[in-house]
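For reference, my_file_38.cif (mmCIF, C-alpha atoms):
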```cif
data_work
#
loop_
_atom_site.label_atom_id
_atom_site.label_comp_id
_atom_site.auth_asym_id
_atom_site.auth_seq_id
_atom_site.Cartn_x
_atom_site.Cartn_y
_atom_site.Cartn_z
CA MET J 655 101.40 74.26 68.97
CA VAL J 656 99.62 75.38 72.14
CA PHE J 657 102.83 74.87 74.09
CA LEU J 658 104.46 77.72 72.13
CA SER J 659 102.42 80.21 74.15
CA PHE J 660 104.23 78.94 77.26
CA VAL J 661 107.67 79.57 75.79
CA LYS J 662 108.31 82.92 77.34
CA ALA J 663 110.49 85.36 75.49
CA ASN J 664 110.06 88.09 78.05
CA ALA J 665 112.93 89.48 79.95
CA GLN J 666 113.46 88.82 83.57
CA ASP J 667 111.44 85.80 84.63
CA ARG J 668 111.20 87.37 88.07
CA VAL J 669 109.44 85.18 90.63
CA PHE J 670 110.04 87.08 93.90
CA THR J 671 109.03 90.46 95.26
CA TYR J 672 111.66 91.16 97.96
CA THR J 673 114.55 89.09 96.61
CA TYR J 674 116.27 90.12 93.38
CA GLN J 675 117.47 87.73 90.66
CA SER J 676 120.41 88.29 88.33
CA GLY J 677 118.43 88.72 85.08
CA VAL J 678 118.49 92.03 83.21
CA LEU J 679 116.54 93.33 80.24
CA ASN J 680 118.22 92.93 76.89
CA LYS J 681 119.30 96.01 74.93
CA GLY J 682 116.25 98.08 73.99
CA GLN J 683 113.73 96.07 76.02
CA LYS J 684 111.47 98.16 78.25
CA GLU J 685 109.32 97.24 81.22
CA LEU J 686 106.94 99.11 83.47
CA GLU J 687 106.56 97.85 87.04
CA ILE J 688 104.05 99.00 89.64
CA TRP J 689 104.87 98.14 93.25
CA THR J 690 102.51 98.36 96.21
CA THR J 691 103.55 97.46 99.75
CA PHE J 692 100.94 97.43 102.47
CA ALA J 693 102.29 97.44 106.03
CA ASN J 694 100.38 97.26 109.28
CA GLY J 695 100.50 96.09 112.88
CA ARG J 696 102.97 98.21 114.82
CA GLU J 697 102.81 98.76 118.57
CA ASN J 698 100.28 101.55 118.26
CA TYR J 699 97.80 101.78 115.42
CA TYR J 700 99.76 101.94 112.15
CA ARG J 701 98.96 101.47 108.50
CA GLY J 702 101.16 102.41 105.58
CA LEU J 703 101.09 102.11 101.82
CA ASP J 704 104.20 102.50 99.69
CA HIS J 705 104.01 102.72 95.94
CA ARG J 706 106.80 102.64 93.39
CA MET J 707 106.38 103.15 89.68
CA GLU J 708 109.44 101.83 87.88
CA PHE J 709 110.48 102.19 84.27
CA GLU J 710 113.27 99.74 83.30
CA ILE J 711 115.29 99.74 80.13
CA GLY J 712 118.01 97.36 78.90
CA LEU J 713 121.19 99.12 77.74
CA SER J 714 123.18 96.04 76.72
CA PRO J 715 122.80 92.27 77.21
CA LYS J 716 124.34 92.67 80.68
CA LEU J 717 123.39 96.16 81.85
CA GLN J 718 120.08 97.80 82.68
CA THR J 719 118.95 100.99 84.35
CA ALA J 720 115.64 101.99 85.90
CA PHE J 721 113.92 105.12 87.14
CA TYR J 722 111.43 105.11 90.02
CA LEU J 723 108.81 107.54 91.24
CA ASN J 724 108.10 106.68 94.88
CA TYR J 725 105.06 107.65 96.90
CA GLY J 726 104.39 106.61 100.49
CA TYR J 727 101.55 107.34 102.85
CA ASN J 728 101.12 106.22 106.43
CA LYS J 729 99.04 106.96 109.49
CA GLY J 730 99.98 106.04 113.04
CA VAL J 731 99.99 106.95 116.70
CA ILE J 732 103.18 108.32 118.24
CA GLU J 733 103.82 109.03 121.87
CA GLU J 734 106.07 111.81 123.15
CA ASN J 735 106.32 112.84 126.82
CA GLY J 736 103.30 110.69 127.58
CA ILE J 737 101.15 112.45 125.01
CA GLN J 738 99.73 110.39 122.14
CA THR J 739 99.29 112.03 118.76
CA LEU J 740 97.83 110.73 115.53
CA THR J 741 100.21 111.50 112.69
CA THR J 742 100.04 111.14 108.94
CA ASN J 743 103.08 111.22 106.69
CA THR J 744 103.35 111.55 102.96
CA ASP J 745 106.70 111.00 101.23
CA TYR J 746 107.72 111.52 97.65
CA SER J 747 111.08 110.57 96.22
CA PHE J 748 112.95 109.67 93.06
CA SER J 749 115.28 106.68 92.58
CA ASN J 750 117.62 105.49 89.88
CA GLU J 751 119.06 101.94 89.73
CA TRP J 752 121.86 100.32 87.77
CA LYS J 753 122.19 96.54 87.49
CA LEU J 754 125.09 94.64 85.93
CA LYS J 755 124.71 90.93 85.23
CA LEU J 756 127.93 88.99 85.78
CA SER J 757 126.88 85.38 85.18
CA ASP J 758 123.84 83.36 84.17
CA PRO J 759 121.80 81.21 86.61
CA VAL J 760 121.37 78.36 84.08
CA ALA J 761 124.52 78.42 81.95
CA ASN J 762 126.96 79.07 84.82
CA SER J 763 127.32 77.44 88.25
CA ILE J 764 125.58 80.43 89.77
CA GLY J 765 124.00 83.55 88.36
CA SER J 766 125.26 86.82 89.78
CA ALA J 767 124.77 90.55 89.44
CA LEU J 768 125.75 93.83 91.07
CA TYR J 769 123.13 96.43 91.84
CA PHE J 770 123.33 100.10 92.83
CA GLU J 771 120.48 102.50 93.58
CA TYR J 772 120.27 106.04 94.88
CA THR J 773 117.16 107.79 96.16
CA LEU J 774 116.63 111.53 96.51
CA ALA J 775 113.93 112.91 98.81
CA PRO J 776 113.42 116.45 100.14
CA ALA J 777 115.07 115.71 103.50
CA GLU J 778 116.90 112.44 102.88
CA THR J 779 119.33 110.69 100.55
CA GLU J 780 119.71 106.90 100.32
CA LEU J 781 122.48 104.86 98.73
CA GLU J 782 121.90 101.14 98.26
CA GLY J 783 124.10 98.35 96.95
CA LYS J 784 123.26 94.68 96.45
CA ILE J 785 125.18 91.56 95.65
CA ILE J 786 122.79 89.20 93.90
CA ILE J 787 123.32 85.50 93.38
CA ASP J 788 120.80 83.01 92.06
CA LYS J 789 120.52 79.51 90.70
CA GLN J 790 117.93 77.90 88.48
CA SER J 791 117.91 74.14 88.70
CA GLY J 792 115.06 72.26 87.03
CA LYS J 793 111.81 73.68 88.39
CA PHE J 794 113.50 75.38 91.35
CA VAL J 795 114.79 78.95 91.49
CA ASN J 796 116.99 80.03 94.43
CA ALA J 797 118.10 83.61 94.97
CA PHE J 798 120.16 85.26 97.69
CA ASN J 799 120.98 88.96 98.18
CA VAL J 800 123.28 90.85 100.51
CA VAL J 801 122.05 94.43 100.73
CA GLY J 802 123.76 97.48 102.24
CA GLU J 803 121.79 100.70 102.55
CA TYR J 804 123.06 104.02 103.89
CA GLU J 805 120.55 106.77 104.66
CA PHE J 806 121.44 110.29 105.67
CA GLY J 807 119.34 113.39 106.03
CA LYS J 808 118.00 116.12 108.25
CA LYS J 809 115.55 115.87 111.11
CA PHE J 810 113.64 119.06 111.88
CA ILE J 811 112.98 119.85 115.57
CA THR J 812 110.80 122.68 116.89
CA ASN J 813 112.55 124.91 119.43
CA GLY J 814 110.20 127.67 120.53
CA THR J 815 109.46 129.66 117.38
CA LYS J 816 112.47 128.27 115.47
CA LEU J 817 113.06 125.05 113.57
CA GLU J 818 116.38 123.40 114.22
CA THR J 819 117.96 120.70 112.13
CA GLU J 820 119.79 117.61 113.26
CA ASN J 821 121.83 115.28 111.07
CA GLU J 822 120.56 111.70 110.92
CA LYS J 823 122.48 108.69 109.63
CA GLU J 824 121.37 105.08 109.45
CA LEU J 825 122.93 101.93 108.09
CA ILE J 826 120.77 98.98 107.10
CA ILE J 827 122.18 95.56 106.33
CA GLU J 828 119.68 93.16 104.81
CA LEU J 829 119.92 89.51 103.82
CA ASN J 830 117.25 88.16 101.47
CA TYR J 831 116.66 84.62 100.36
CA GLY J 832 113.94 83.18 98.14
CA ILE J 833 113.14 79.73 96.84
CA SER J 834 110.47 79.13 94.23
CA TYR J 835 109.02 76.08 92.49
CA LYS J 836 107.33 76.08 89.10
CA ILE J 837 104.04 74.23 89.55
CA ARG J 838 102.81 75.08 86.05
CA ASN J 839 104.32 77.00 83.17
CA GLU J 840 102.66 80.23 84.31
CA PHE J 841 102.66 79.67 88.08
CA ASN J 842 105.43 79.64 90.64
CA ILE J 843 105.00 79.19 94.36
CA GLY J 844 107.70 79.74 96.96
CA LEU J 845 109.01 81.23 100.17
CA GLU J 846 110.89 84.44 100.88
CA ILE J 847 112.93 85.34 103.94
CA PHE J 848 114.52 88.62 104.89
CA ASN J 849 116.64 89.65 107.81
CA LYS J 850 116.89 93.43 108.26
CA ASN J 851 119.51 94.90 110.60
CA VAL J 852 119.31 98.59 111.53
CA VAL J 853 122.43 100.35 112.81
CA ALA J 854 122.11 104.00 113.94
CA GLY J 855 125.45 105.57 114.85
CA SER J 856 127.33 102.82 116.67
CA ASN J 857 124.14 101.23 118.00
CA TRP J 858 122.82 98.03 116.42
CA GLU J 859 119.14 98.63 117.07
CA ASN J 860 117.36 95.53 115.83
CA SER J 861 117.56 92.49 113.58
CA VAL J 862 114.13 91.61 112.29
CA LEU J 863 113.44 88.27 110.61
CA CYS J 864 110.45 87.95 108.28
CA LEU J 865 109.33 84.89 106.35
CA GLY J 866 106.35 84.30 104.11
CA PRO J 867 104.85 82.69 101.01
CA THR J 868 105.22 84.12 97.51
CA LEU J 869 103.17 83.55 94.38
CA SER J 870 104.08 84.43 90.81
CA TYR J 871 102.04 84.38 87.62
CA SER J 872 103.36 85.33 84.18
CA ILE J 873 102.09 85.24 80.65
CA ASN J 874 102.91 87.05 77.39
CA GLY J 875 105.11 89.79 78.82
CA LEU J 876 102.98 90.33 81.92
CA TRP J 877 103.94 89.10 85.37
CA ILE J 878 102.36 89.51 88.79
CA ASN J 879 104.12 88.62 92.04
CA LEU J 880 102.58 88.66 95.50
CA THR J 881 104.29 88.02 98.86
CA PHE J 882 102.93 87.99 102.40
CA MET J 883 105.75 88.71 104.85
CA PRO J 884 104.86 88.38 108.54
CA GLN J 885 107.51 89.25 111.10
CA ILE J 886 108.75 86.07 112.81
CA THR J 887 111.12 87.42 115.45
CA ASN J 888 113.65 90.06 116.38
CA LEU J 889 116.96 88.17 116.41
CA LYS J 890 118.42 90.83 118.67
CA GLY J 891 116.39 90.62 121.84
CA GLY J 892 113.69 88.13 120.90
CA GLY J 893 109.95 88.70 120.53
CA LEU J 894 108.64 91.00 117.82
CA GLU J 895 110.02 94.45 117.07
CA LEU J 896 106.90 96.58 116.58
CA THR J 897 108.24 100.09 117.17
CA GLU J 898 109.89 100.56 113.78
CA HIS J 899 108.74 97.43 111.97
CA GLU J 900 105.36 96.03 111.11
CA ARG J 901 103.75 92.77 112.11
CA LEU J 902 102.85 92.10 108.47
CA GLN J 903 103.94 93.42 105.08
CA THR J 904 102.19 92.46 101.86
CA ARG J 905 103.79 93.37 98.55
CA LEU J 906 102.32 93.16 95.08
CA ILE J 907 104.29 93.91 91.91
CA PHE J 908 102.86 93.75 88.45
CA SER J 909 104.83 94.41 85.34
CA TYR J 910 104.32 94.72 81.63
CA GLU J 911 107.00 94.52 78.96
CA PHE J 912 106.45 96.63 75.89
CA MET D 1131 125.04 80.70 120.21
CA ASN D 1132 124.74 84.48 120.44
CA SER D 1133 121.79 85.53 118.30
CA LYS D 1134 123.79 88.27 116.58
CA TYR D 1135 125.87 85.64 114.78
CA LYS D 1136 122.89 83.68 113.49
CA PRO D 1137 122.25 85.79 110.35
CA ILE D 1138 125.90 85.49 109.36
CA LEU D 1139 125.87 81.73 109.90
CA TYR D 1140 122.66 81.28 107.92
CA SER D 1141 123.98 83.33 105.02
CA ILE D 1142 127.21 81.34 104.86
CA ILE D 1143 125.28 78.04 104.81
CA LEU D 1144 123.01 79.30 102.03
CA LEU D 1145 125.95 80.61 100.04
CA LEU D 1146 127.74 77.26 100.29
CA VAL D 1147 124.62 75.37 99.19
CA ILE D 1148 124.21 77.58 96.15
CA LEU D 1149 127.90 77.55 95.26
CA ALA D 1150 127.97 73.76 95.45
CA CYS D 1151 125.71 73.48 92.44
CA SER D 1152 127.05 72.85 88.95
CA PRO D 1153 125.63 74.49 85.79
CA SER D 1154 122.09 73.32 85.04
CA LEU D 1155 122.74 73.62 81.31
CA TYR D 1156 124.80 70.62 80.27
CA ILE D 1157 128.33 71.01 78.99
CA PRO D 1158 128.83 68.62 76.03
CA THR D 1159 130.88 65.51 76.74
CA LEU D 1160 132.46 62.88 74.52
CA SER D 1161 129.49 60.64 75.23
CA ASP D 1162 127.07 63.30 73.84
CA SER D 1163 129.22 63.50 70.74
CA GLN D 1164 129.25 59.72 70.25
CA LYS D 1165 125.53 59.38 70.93
CA THR D 1166 124.54 62.05 68.39
CA ASP D 1167 127.34 61.60 65.89
CA ILE D 1168 127.99 65.36 66.10
CA SER D 1169 131.49 66.56 66.91
CA ALA D 1170 132.11 67.81 70.46
CA ASP D 1171 133.38 71.12 69.03
CA THR D 1172 130.09 71.64 67.19
CA LEU D 1173 128.08 70.95 70.36
CA VAL D 1174 130.29 73.30 72.40
CA LEU D 1175 129.87 76.02 69.77
CA GLY D 1176 126.09 75.43 69.76
CA ARG D 1177 126.00 75.88 73.55
CA LYS D 1178 128.01 79.09 73.34
CA ILE D 1179 125.69 80.61 70.73
CA TYR D 1180 122.59 79.44 72.65
CA VAL D 1181 123.84 81.17 75.84
CA ASN D 1182 124.92 84.37 74.07
CA LYS D 1183 121.88 84.80 71.85
CA CYS D 1184 119.08 83.59 74.12
CA SER D 1185 119.98 84.38 77.77
CA GLY D 1186 119.72 88.14 77.18
CA CYS D 1187 115.96 87.90 76.67
CA HIS D 1188 114.83 85.09 78.98
CA ASN D 1189 116.05 82.45 81.39
CA LEU D 1190 117.50 79.61 79.35
CA TYR D 1191 115.35 76.52 78.87
CA LEU D 1192 117.05 73.22 79.46
CA PRO D 1193 117.23 70.90 76.42
CA GLU D 1194 115.33 68.24 78.38
CA ARG D 1195 112.37 70.59 78.71
CA PHE D 1196 111.01 70.00 75.18
CA THR D 1197 110.76 67.15 72.70
CA GLU D 1198 112.69 67.10 69.42
CA LYS D 1199 109.55 68.18 67.53
CA GLN D 1200 108.84 70.99 70.01
CA TRP D 1201 112.38 72.37 69.65
CA GLU D 1202 111.93 72.33 65.85
CA ASP D 1203 108.74 74.39 66.26
CA ILE D 1204 110.30 76.83 68.72
CA MET D 1205 113.47 77.65 66.78
CA PRO D 1206 111.95 79.59 63.81
CA LEU D 1207 109.98 81.74 66.28
CA MET D 1208 113.06 82.52 68.35
CA GLN D 1209 115.25 83.06 65.26
CA MET D 1210 113.22 86.16 64.43
CA LYS D 1211 113.22 87.50 68.00
CA ALA D 1212 116.94 86.94 68.64
CA ASP D 1213 118.16 87.91 65.17
CA CYS D 1214 120.05 84.63 64.67
CA SER D 1215 121.55 83.53 61.35
CA ASP D 1216 120.52 80.21 59.77
CA GLN D 1217 123.93 78.80 60.76
CA ASP D 1218 123.38 79.88 64.40
CA ILE D 1219 120.03 78.09 64.44
CA ILE D 1220 121.53 74.89 63.00
CA LEU D 1221 124.21 74.84 65.71
CA ILE D 1222 121.82 75.70 68.56
CA THR D 1223 119.36 73.04 67.39
CA LYS D 1224 122.09 70.39 67.25
CA TYR D 1225 123.12 71.26 70.82
CA LEU D 1226 119.53 71.22 72.16
CA LYS D 1227 118.50 68.06 70.35
CA ALA D 1228 121.42 66.12 71.77
CA ARG D 1229 119.52 65.91 75.06
CA TYR D 1230 115.92 66.59 74.11
CA LYS D 1231 112.95 65.22 76.06
CA LYS D 1232 111.98 61.74 74.87
CA ASP D 1233 108.40 61.51 73.53
#
```
Kindly transcribe the structure held in the file into structure tokens.
Amino acid sequence: MVFLSFVKANAQDRVFTYTYQSGVLNKGQKELEIWTTFANGRENYYRGLDHRMEFEIGLSPKLQTAFYLNYGYNKGVIEENGIQTLTTNTDYSFSNEWKLKLSDPVANSIGSALYFEYTLAPAETELEGKIIIDKQSGKFVNAFNVVGEYEFGKKFITNGTKLETENEKELIIELNYGISYKIRNEFNIGLEIFNKNVVAGSNWENSVLCLGPTLSYSINGLWINLTFMPQITNLKGGGLELTEHERLQTRLIFSYEF
Amino acid sequence: MNSKYKPILYSIILLLVILACSPSLYIPTLSDSQKTDISADTLVLGRKIYVNKCSGCHNLYLPERFTEKQWEDIMPLMQMKADCSDQDIILITKYLKARYKKD
């Protein structure tokens, strides 16, 4: 009867940290997720920590919603007019997501889901949509996401004794892919890839490719996923893009269903 | 090839690979029906109930994952969690046991 403890009845069976899968919580199921992303290694000294606390709830067998409290802190060196300054930033924001499952990754040829999220911050609003597809075949899980993110907000500029505002808009197109293999009932090991494209105005600024290993552990309603995501190259221009992106991101998510 | 087209190309290749796969969970055939002496309609109905009742809470387990005895042990536990009737459990068990893992 020991094997019964391995038969998971928890909701999402999530095995990635950057790449989403199509699973949703069933009606009335609730889950608390804590995210931490550590980023470092830009051109000048830079370290940043982003935290998200997420409360998910299933509304029907195919629909779930979630609420996030986001907190980010970073410290870095910026250079303007040849003068270097050490800056620290703290950001707070609120997000709300909606996820609709369209098909199942085991029962159908592919699993699929649609995802929408909005984020409100004091000086910025973000709208994000994802198309999620995944496939579970034997001990392998594959997942692929196409992500579109539109950010708009105000930038404050000092002009003498006055503060002036400037509208800022940015479009981010992201492709995520993850493959994972179940090595034991509680352990999955895999790889995640993401390609992030930043478009500001009509200018396609960069196309960063990151790839790294991912580990997942789950038992009795608890799961922990960890991914190391070093930057491999900037597909637009070659080399590494270290002005706006980090050399290495590490993300840990742990979750408990209650 | 211009590097700006690479992400698009990679995504199309990945999409085609994933789309090329068939369902992992078997769809009952005449041979399953003959092998188990259970009508194909019963097996199809068992699959439908299994997908509807179980996939909302967890990724579906393939029938080949567990032995006949293990499936018999699992079903009463899951019946309570998924609020299945006795008839549902009979049909799901018939479907799963048609391709259970050999001891």
Inset, instruction - Please return, as number ranges by chain, all residues of chain J lying within 10 Å of chain D when all atoms listed in the file are considered. - result: J: 655, 657-658, 661-668, 677-681, 683, 712, 714-717, 755, 758-765, 787-792, 796-800, 828-831, 848-851, 858, 860-861, 863, 888-892
Legend entry - Length of the CA of Pro1193 in chain D to CA of Lys836 in chain J vector [Å]: 16.9 Å
Inset, instruction - Name the residues that the PyMOL selection byres ((chain J and resi 702) around 9) pulls out of this structure, and write them as a PyMOL selection string. - result: chain J and resi 691-694+700-701+703-704+726-730
May I have the selected residues written with C-alpha atoms, as a PDB file, in the coordinates of the input?
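Final output, saved to out-v6.pdb:
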```
ATOM      1  CA  THR J 691     103.550  97.460  99.750  1.00  0.00           C
ATOM      2  CA  PHE J 692     100.940  97.430 102.470  1.00  0.00           C
ATOM      3  CA  ALA J 693     102.290  97.440 106.030  1.00  0.00           C
ATOM      4  CA  ASN J 694     100.380  97.260 109.280  1.00  0.00           C
ATOM      5  CA  TYR J 700      99.760 101.940 112.150  1.00  0.00           C
ATOM      6  CA  ARG J 701      98.960 101.470 108.500  1.00  0.00           C
ATOM      7  CA  LEU J 703     101.090 102.110 101.820  1.00  0.00           C
ATOM      8  CA  ASP J 704     104.200 102.500  99.690  1.00  0.00           C
ATOM      9  CA  GLY J 726     104.390 106.610 100.490  1.00  0.00           C
ATOM     10  CA  TYR J 727     101.550 107.340 102.850  1.00  0.00           C
ATOM     11  CA  ASN J 728     101.120 106.220 106.430  1.00  0.00           C
ATOM     12  CA  LYS J 729      99.040 106.960 109.490  1.00  0.00           C
ATOM     13  CA  GLY J 730      99.980 106.040 113.040  1.00  0.00           C
TER      14      GLY J 730
END
```
Legend entry - Selection result of the PyMOL selection byres ((chain J and resi 871) around 6) on this file, as a count of residues only: 6
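The gap separating CA of Gly855 in chain J from CA of Glu822 in chain J is 8.8 Å, in Å to one decimal.
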Legend entry - Nearest candidate to His899 in chain J (options J:Glu805, J:Glu859, J:Gly844, J:Leu880; using only C-alpha atoms): J:Glu859
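Across the model, the gap from CA of Leu869 in chain J to CA of Val852 in chain J is 27.9 Å.
Residues lying within 8 Å of Ala767 in chain J, counting all atoms listed in the file and ignoring same-chain neighbours fewer than 5 positions away, are J:Gln675, J:Ser676, J:Gly677, J:Lys753, J:Leu754, J:Lys755, J:Leu756, J:Ser757, J:Ile785, J:Ile786, J:Ile787.
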Legend entry - Tyr910 in chain J surroundings by only C-alpha atoms, 7 Å radius, close-in-sequence under 5 positions cut, as a VMD selection string: chain J and resid 685 to 687 875 to 877
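Residue nearest Tyr1230 in chain D, chosen from D:Asp1171, D:Glu1198, D:Asp1162, D:Asp1216 and counting only C-alpha atoms: D:Glu1198.
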